[in-house]
$ cat final-v2.cif   # mmCIF, C-alpha atoms and all ligand atoms
data_protein
loop_
_atom_site.label_atom_id
_atom_site.label_comp_id
_atom_site.auth_asym_id
_atom_site.auth_seq_id
_atom_site.Cartn_x
_atom_site.Cartn_y
_atom_site.Cartn_z
CA MET Q 202 159.21 132.33 119.24
CA LYS Q 203 159.44 135.11 121.83
CA ARG Q 204 159.28 134.08 125.46
CA LEU Q 205 159.49 135.92 128.74
CA SER Q 206 161.14 134.48 131.83
CA ASP Q 207 161.33 135.38 135.49
CA HIS Q 208 162.74 133.83 138.61
CA LEU Q 209 160.57 131.88 141.00
CA SER Q 210 161.37 134.17 143.93
CA PHE Q 211 160.66 137.32 145.88
CA THR Q 212 162.46 140.49 144.79
CA ARG Q 213 160.47 142.96 146.91
CA ALA Q 214 158.93 143.07 150.37
CA GLY Q 215 156.26 145.74 150.29
CA ASP Q 216 157.99 148.91 149.05
CA VAL Q 217 161.47 147.59 149.74
CA ALA Q 218 163.55 146.26 146.83
CA LEU Q 219 165.49 143.34 148.28
CA GLY Q 220 168.31 143.55 145.74
CA THR Q 221 168.55 139.80 145.47
CA LEU Q 222 166.42 136.77 144.69
CA VAL Q 223 164.80 135.50 147.88
CA PRO Q 224 163.23 132.03 148.03
CA LEU Q 225 159.49 131.76 148.45
CA PRO Q 226 157.94 129.91 151.40
CA ARG Q 227 157.36 126.42 150.04
CA ALA Q 228 153.71 126.03 151.02
CA ARG Q 229 150.74 124.86 148.94
CA GLU Q 230 148.85 128.16 149.26
CA VAL Q 231 151.93 130.10 148.11
CA ALA Q 232 152.38 127.78 145.13
CA ARG Q 233 148.74 128.27 144.19
CA GLU Q 234 149.03 132.07 144.37
CA VAL Q 235 152.31 132.14 142.42
CA GLY Q 236 150.81 129.92 139.74
CA ARG Q 237 147.75 132.17 139.51
CA ARG Q 238 149.91 135.30 139.17
CA ALA Q 239 152.18 133.65 136.59
CA GLN Q 240 149.13 132.64 134.57
CA SER Q 241 147.69 136.16 134.60
CA THR Q 242 151.11 137.63 133.71
CA GLN Q 243 151.41 135.27 130.76
CA ALA Q 244 147.95 136.25 129.58
CA ALA Q 245 148.78 139.96 129.94
CA VAL Q 246 152.07 139.86 128.02
CA GLY Q 247 150.75 137.52 125.33
CA VAL Q 248 153.88 135.33 125.09
CA PRO Q 249 154.83 132.17 126.96
CA LEU Q 250 156.21 132.84 130.45
CA LEU Q 251 158.99 130.62 131.77
CA LEU Q 252 159.67 130.29 135.50
CA GLU Q 253 163.25 129.73 136.65
CA ASN Q 254 164.53 127.93 139.75
CA ILE Q 255 166.92 130.08 141.82
CA THR Q 256 169.85 129.37 144.12
CA TYR Q 257 169.21 129.96 147.81
CA TYR Q 258 171.60 129.79 150.72
CA MET Q 259 169.24 129.78 153.70
CA ASP Q 260 166.58 127.10 153.85
CA LEU Q 261 163.76 127.45 156.35
CA PRO Q 262 161.62 124.44 157.30
CA ALA Q 263 158.73 124.11 154.83
CA PRO Q 264 155.93 121.62 154.12
CA LEU Q 265 157.06 121.10 150.52
CA THR Q 266 160.43 120.22 149.04
CA GLU Q 267 161.78 122.48 146.32
CA ALA Q 268 160.75 119.96 143.65
CA GLN Q 269 157.26 119.59 145.14
CA PHE Q 270 156.86 123.36 145.31
CA ILE Q 271 157.86 123.88 141.67
CA THR Q 272 155.58 121.05 140.61
CA GLU Q 273 152.68 122.56 142.54
CA VAL Q 274 153.25 126.00 140.98
CA MET Q 275 153.22 124.44 137.52
CA GLU Q 276 149.93 122.69 138.29
CA HIS Q 277 148.35 126.11 138.78
CA CYS Q 278 149.55 127.71 135.54
CA GLU Q 279 150.30 126.85 131.93
CA CYS Q 280 153.77 128.40 131.95
CA GLY Q 281 157.02 126.71 130.97
CA LEU Q 282 160.03 125.96 133.13
CA LEU Q 283 163.45 127.52 132.72
CA LEU Q 284 165.60 124.98 134.48
CA ASP Q 285 168.93 126.38 135.67
CA LEU Q 286 170.99 123.21 136.05
CA THR Q 287 173.79 125.02 137.85
CA ASN Q 288 171.31 126.36 140.40
CA LEU Q 289 170.03 122.80 140.82
CA ASP Q 290 173.55 121.44 141.29
CA ILE Q 291 174.47 124.15 143.83
CA ASN Q 292 171.23 123.83 145.80
CA ALA Q 293 171.50 120.04 145.84
CA ARG Q 294 175.00 120.21 147.29
CA ASN Q 295 174.29 123.02 149.78
CA HIS Q 296 171.00 121.58 151.01
CA ARG Q 297 171.94 117.94 150.57
CA TYR Q 298 169.35 116.51 148.23
CA SER Q 299 169.64 114.41 145.11
CA PRO Q 300 169.55 116.39 141.84
CA GLU Q 301 168.52 113.21 140.05
CA GLU Q 302 165.50 112.78 142.35
CA PHE Q 303 164.67 116.45 141.75
CA LEU Q 304 164.65 115.83 137.99
CA ASP Q 305 162.48 112.74 138.50
CA SER Q 306 159.97 114.80 140.52
CA ILE Q 307 159.32 117.94 138.46
CA PRO Q 308 157.24 118.08 135.24
CA LEU Q 309 160.11 117.76 132.75
CA GLU Q 310 157.65 118.04 129.86
CA ARG Q 311 157.36 121.75 130.77
CA VAL Q 312 161.11 122.49 130.54
CA VAL Q 313 161.70 124.84 127.61
CA GLN Q 314 165.06 126.44 128.36
CA ILE Q 315 168.21 125.46 130.25
CA HIS Q 316 170.75 127.71 131.97
CA LEU Q 317 174.33 126.56 132.43
CA ALA Q 318 177.04 128.34 134.42
CA GLY Q 319 180.04 127.80 136.65
CA GLY Q 320 180.15 128.54 140.34
CA GLN Q 321 182.49 128.38 143.28
CA ASP Q 322 182.85 125.12 145.18
CA GLY Q 323 182.37 125.34 148.93
CA VAL Q 324 185.49 124.50 150.94
CA GLY Q 325 184.96 122.83 154.31
CA ASP Q 326 181.63 124.01 155.72
CA ALA Q 327 181.37 126.89 153.23
CA MET Q 328 178.52 126.77 150.77
CA ALA Q 329 178.95 126.44 147.04
CA LEU Q 330 178.19 129.78 145.35
CA ASP Q 331 176.46 130.61 142.09
CA THR Q 332 179.06 133.06 140.77
CA HIS Q 333 178.68 132.82 136.97
CA ALA Q 334 182.46 133.27 136.96
CA ALA Q 335 183.80 129.88 135.88
CA SER Q 336 183.29 127.31 133.17
CA VAL Q 337 180.50 124.77 133.53
CA PRO Q 338 181.50 121.93 135.92
CA GLU Q 339 181.33 118.28 134.94
CA ARG Q 340 178.45 117.62 137.37
CA VAL Q 341 176.26 120.06 135.45
CA TRP Q 342 177.14 118.50 132.10
CA THR Q 343 176.04 115.15 133.56
CA LEU Q 344 172.69 116.67 134.57
CA LEU Q 345 172.28 118.16 131.09
CA ARG Q 346 172.89 114.77 129.48
CA GLU Q 347 170.33 113.17 131.82
CA LEU Q 348 167.78 115.84 131.04
CA VAL Q 349 167.86 116.54 127.31
CA GLY Q 350 166.33 113.28 126.14
CA ARG Q 351 163.47 113.65 128.63
CA ALA Q 352 162.45 117.29 128.17
CA PRO Q 353 161.42 119.40 125.16
CA VAL Q 354 164.37 121.76 125.57
CA ARG Q 355 164.33 124.51 122.94
CA THR Q 356 167.30 126.65 123.97
CA THR Q 357 170.28 126.63 126.27
CA LEU Q 358 171.90 129.77 127.67
CA LEU Q 359 175.45 129.92 128.99
CA GLU Q 360 175.65 132.42 131.88
CA ARG Q 361 179.01 134.16 132.46
CA ASP Q 362 179.14 137.48 134.30
CA ALA Q 363 182.73 137.79 135.61
CA LEU Q 364 186.33 136.53 135.41
CA TYR Q 365 186.23 136.32 131.66
CA PRO Q 366 189.04 134.21 130.21
CA GLU Q 367 191.83 135.83 128.18
CA ASP Q 368 190.29 134.61 124.98
CA PHE Q 369 187.00 133.03 124.05
CA THR Q 370 188.30 129.47 123.75
CA GLU Q 371 186.90 128.36 127.11
CA LEU Q 372 183.50 129.96 126.54
CA GLN Q 373 183.36 128.61 123.00
CA ALA Q 374 184.16 125.12 124.29
CA ASP Q 375 181.22 125.29 126.72
CA LEU Q 376 178.93 126.56 123.97
CA ASP Q 377 180.06 123.83 121.57
CA ARG Q 378 179.53 121.17 124.23
CA ALA Q 379 176.04 122.46 125.05
CA ARG Q 380 175.12 122.56 121.38
CA ALA Q 381 176.45 119.05 120.77
CA THR Q 382 174.64 117.65 123.82
CA LEU Q 383 171.33 119.10 122.67
CA LEU Q 384 171.78 117.96 119.09
CA GLU Q 385 172.58 114.41 120.24
CA ALA Q 386 169.35 114.17 122.21
CA PRO Q 387 166.31 112.53 120.62
CA THR Q 388 164.19 115.60 121.39
CA PRO Q 389 162.87 117.36 118.27
CA GLY Q 390 163.08 121.03 117.48
CA LYS Q 391 165.99 122.79 119.13
CA GLU Q 392 166.07 126.41 118.00
CA MET Q 393 169.52 127.53 119.13
CA VAL Q 394 172.19 127.35 121.77
FE FE B 401 169.89 131.20 135.43
#
$ encode --input "final-v2.cif" --output "structure tokens" --more "lines below"
Ligand SMILES: [Fe+2]
Amino acid sequence: MKRLSDHLSFTRAGDVALGTLVPLPRAREVAREVGRRAQSTQAAVGVPLLLENITYYMDLPAPLTEAQFITEVMEHCECGLLLDLTNLDINARNHRYSPEEFLDSIPLERVVQIHLAGGQDGVGDAMALDTHAASVPERVWTLLRELVGRAPVRTTLLERDALYPEDFTELQADLDRARATLLEAPTPGKEMV
């Protein structure tokens, strides 16, 4: 089945293209408006729309946690979730929250696709970075194992944009591991990895 996905973020401010994914203010009224726009977009394109969690490096005070905000958005639309587990892992470490509590808080029954990638660990006070330039870390595999039996995951995408290995052995190993993890889960109907 065809699906469309987009990030749960700003990419423009008025006429200015921001050139990066900018986190939305985590307020109830924003969640309601984003959900309404996602719903009308899904209706316009005629295929299911999936919303993806982003990484963010600056966190302003907000009335809702990230998990509460995503949950609230999903309550105002019938879209699916594209859960980027590497983004979750990086955000959880940079902003010091529990990724397990995050998974317990969002509507896992709406998760349709998973993204996996490798990033750069923060050293000292430096933040971890979502680089898509390394193999998938063990922490993210643990999150995938925790998730797959609880969510109707249909596909998993391995994201790699830079520092490609000499051969495809490393990438193939990540793909094989993702495929095996999904096939082991008691969730019916995986289409592909
Ligand atoms: Fe992603």
$ residues_near_ligand --input "final-v2.cif" --ligand "ligand FE 401 (chain B)" --cutoff "12 Å" --atoms "all atoms listed in the file" --output "NGL selection string"
:Q and (206-209 or 222 or 251-256 or 282-291 or 314-320 or 331-333 or 357-362)
$ axis_aligned_box --input "final-v2.cif" --around "range 352-362 of chain Q" --padding-each-side "5 Å" --output "JSON"
{"center_x": 170.3, "center_y": 127.4, "center_z": 128.6, "size_x": 27.7, "size_y": 30.2, "size_z": 21.4}
$ closest_residue --input "final-v2.cif" --among "Q:Met328, Q:Val217, Q:Gly281, Q:Glu339" --to "Arg355 in chain Q" --atoms "only C-alpha atoms"
Q:Gly281
$ atom_distance --input "final-v2.cif" --atom1 "CA of Val341 in chain Q" --atom2 "CA of Asp375 in chain Q"
11.3 Å
$ closest_residue --input "final-v2.cif" --among "Q:Val349, Q:Leu309, Q:Ala335, Q:Thr382" --to "Ala363 in chain Q" --atoms "all atoms listed in the file"
Q:Ala335
$ build_atoms --input "final-v2.cif" --residues "range 344-367 of chain Q" --atoms "N, CA and C atoms" --output "compact mmCIF listing (two decimals), in the coordinates of the input"
# COMPACT_ATOMS: atom_id res chain seq x y z
N LEU Q 344 174.13 116.39 134.43
CA LEU Q 344 172.69 116.67 134.57
C LEU Q 344 172.07 117.03 133.22
N LEU Q 345 172.82 117.79 132.41
CA LEU Q 345 172.28 118.16 131.09
C LEU Q 345 172.06 116.91 130.24
N ARG Q 346 173.04 116.00 130.27
CA ARG Q 346 172.89 114.77 129.48
C ARG Q 346 171.68 113.96 129.96
N GLU Q 347 171.47 113.92 131.27
CA GLU Q 347 170.33 113.17 131.82
C GLU Q 347 169.01 113.82 131.42
N LEU Q 348 169.03 115.12 131.25
CA LEU Q 348 167.78 115.84 131.04
C LEU Q 348 167.33 115.88 129.58
N VAL Q 349 168.26 116.11 128.65
CA VAL Q 349 167.86 116.54 127.31
C VAL Q 349 166.97 115.53 126.57
N GLY Q 350 167.17 114.25 126.82
CA GLY Q 350 166.33 113.28 126.14
C GLY Q 350 164.94 113.16 126.73
N ARG Q 351 164.74 113.81 127.90
CA ARG Q 351 163.47 113.65 128.63
C ARG Q 351 162.63 114.92 128.64
N ALA Q 352 163.16 116.00 128.10
CA ALA Q 352 162.45 117.29 128.17
C ALA Q 352 162.50 117.98 126.81
N PRO Q 353 161.45 118.72 126.46
CA PRO Q 353 161.42 119.40 125.16
C PRO Q 353 162.22 120.70 125.17
N VAL Q 354 163.51 120.58 125.45
CA VAL Q 354 164.37 121.76 125.57
C VAL Q 354 164.50 122.45 124.21
N ARG Q 355 164.24 123.75 124.19
CA ARG Q 355 164.33 124.51 122.94
C ARG Q 355 165.62 125.31 122.86
N THR Q 356 166.09 125.83 123.98
CA THR Q 356 167.30 126.65 123.97
C THR Q 356 168.11 126.40 125.23
N THR Q 357 169.39 126.68 125.11
CA THR Q 357 170.28 126.63 126.27
C THR Q 357 171.06 127.93 126.32
N LEU Q 358 171.17 128.51 127.51
CA LEU Q 358 171.90 129.77 127.67
C LEU Q 358 173.08 129.55 128.61
N LEU Q 359 174.26 129.97 128.16
CA LEU Q 359 175.45 129.92 128.99
C LEU Q 359 175.58 131.25 129.74
N GLU Q 360 175.59 131.19 131.07
CA GLU Q 360 175.65 132.42 131.88
C GLU Q 360 177.09 132.65 132.36
N ARG Q 361 177.66 133.79 132.01
CA ARG Q 361 179.01 134.16 132.46
C ARG Q 361 179.02 135.67 132.70
N ASP Q 362 179.24 136.07 133.94
CA ASP Q 362 179.14 137.48 134.30
C ASP Q 362 180.46 138.08 134.77
N ALA Q 363 181.49 137.25 135.03
CA ALA Q 363 182.73 137.79 135.61
C ALA Q 363 183.88 136.84 135.33
N LEU Q 364 185.11 137.31 135.62
CA LEU Q 364 186.33 136.53 135.41
C LEU Q 364 186.36 135.93 134.00
N TYR Q 365 186.21 136.80 133.04
CA TYR Q 365 186.23 136.32 131.66
C TYR Q 365 187.64 135.82 131.32
N PRO Q 366 187.72 134.70 130.60
CA PRO Q 366 189.04 134.21 130.21
C PRO Q 366 189.73 135.17 129.23
N GLU Q 367 191.03 134.97 129.07
CA GLU Q 367 191.83 135.83 128.18
C GLU Q 367 191.28 135.83 126.76
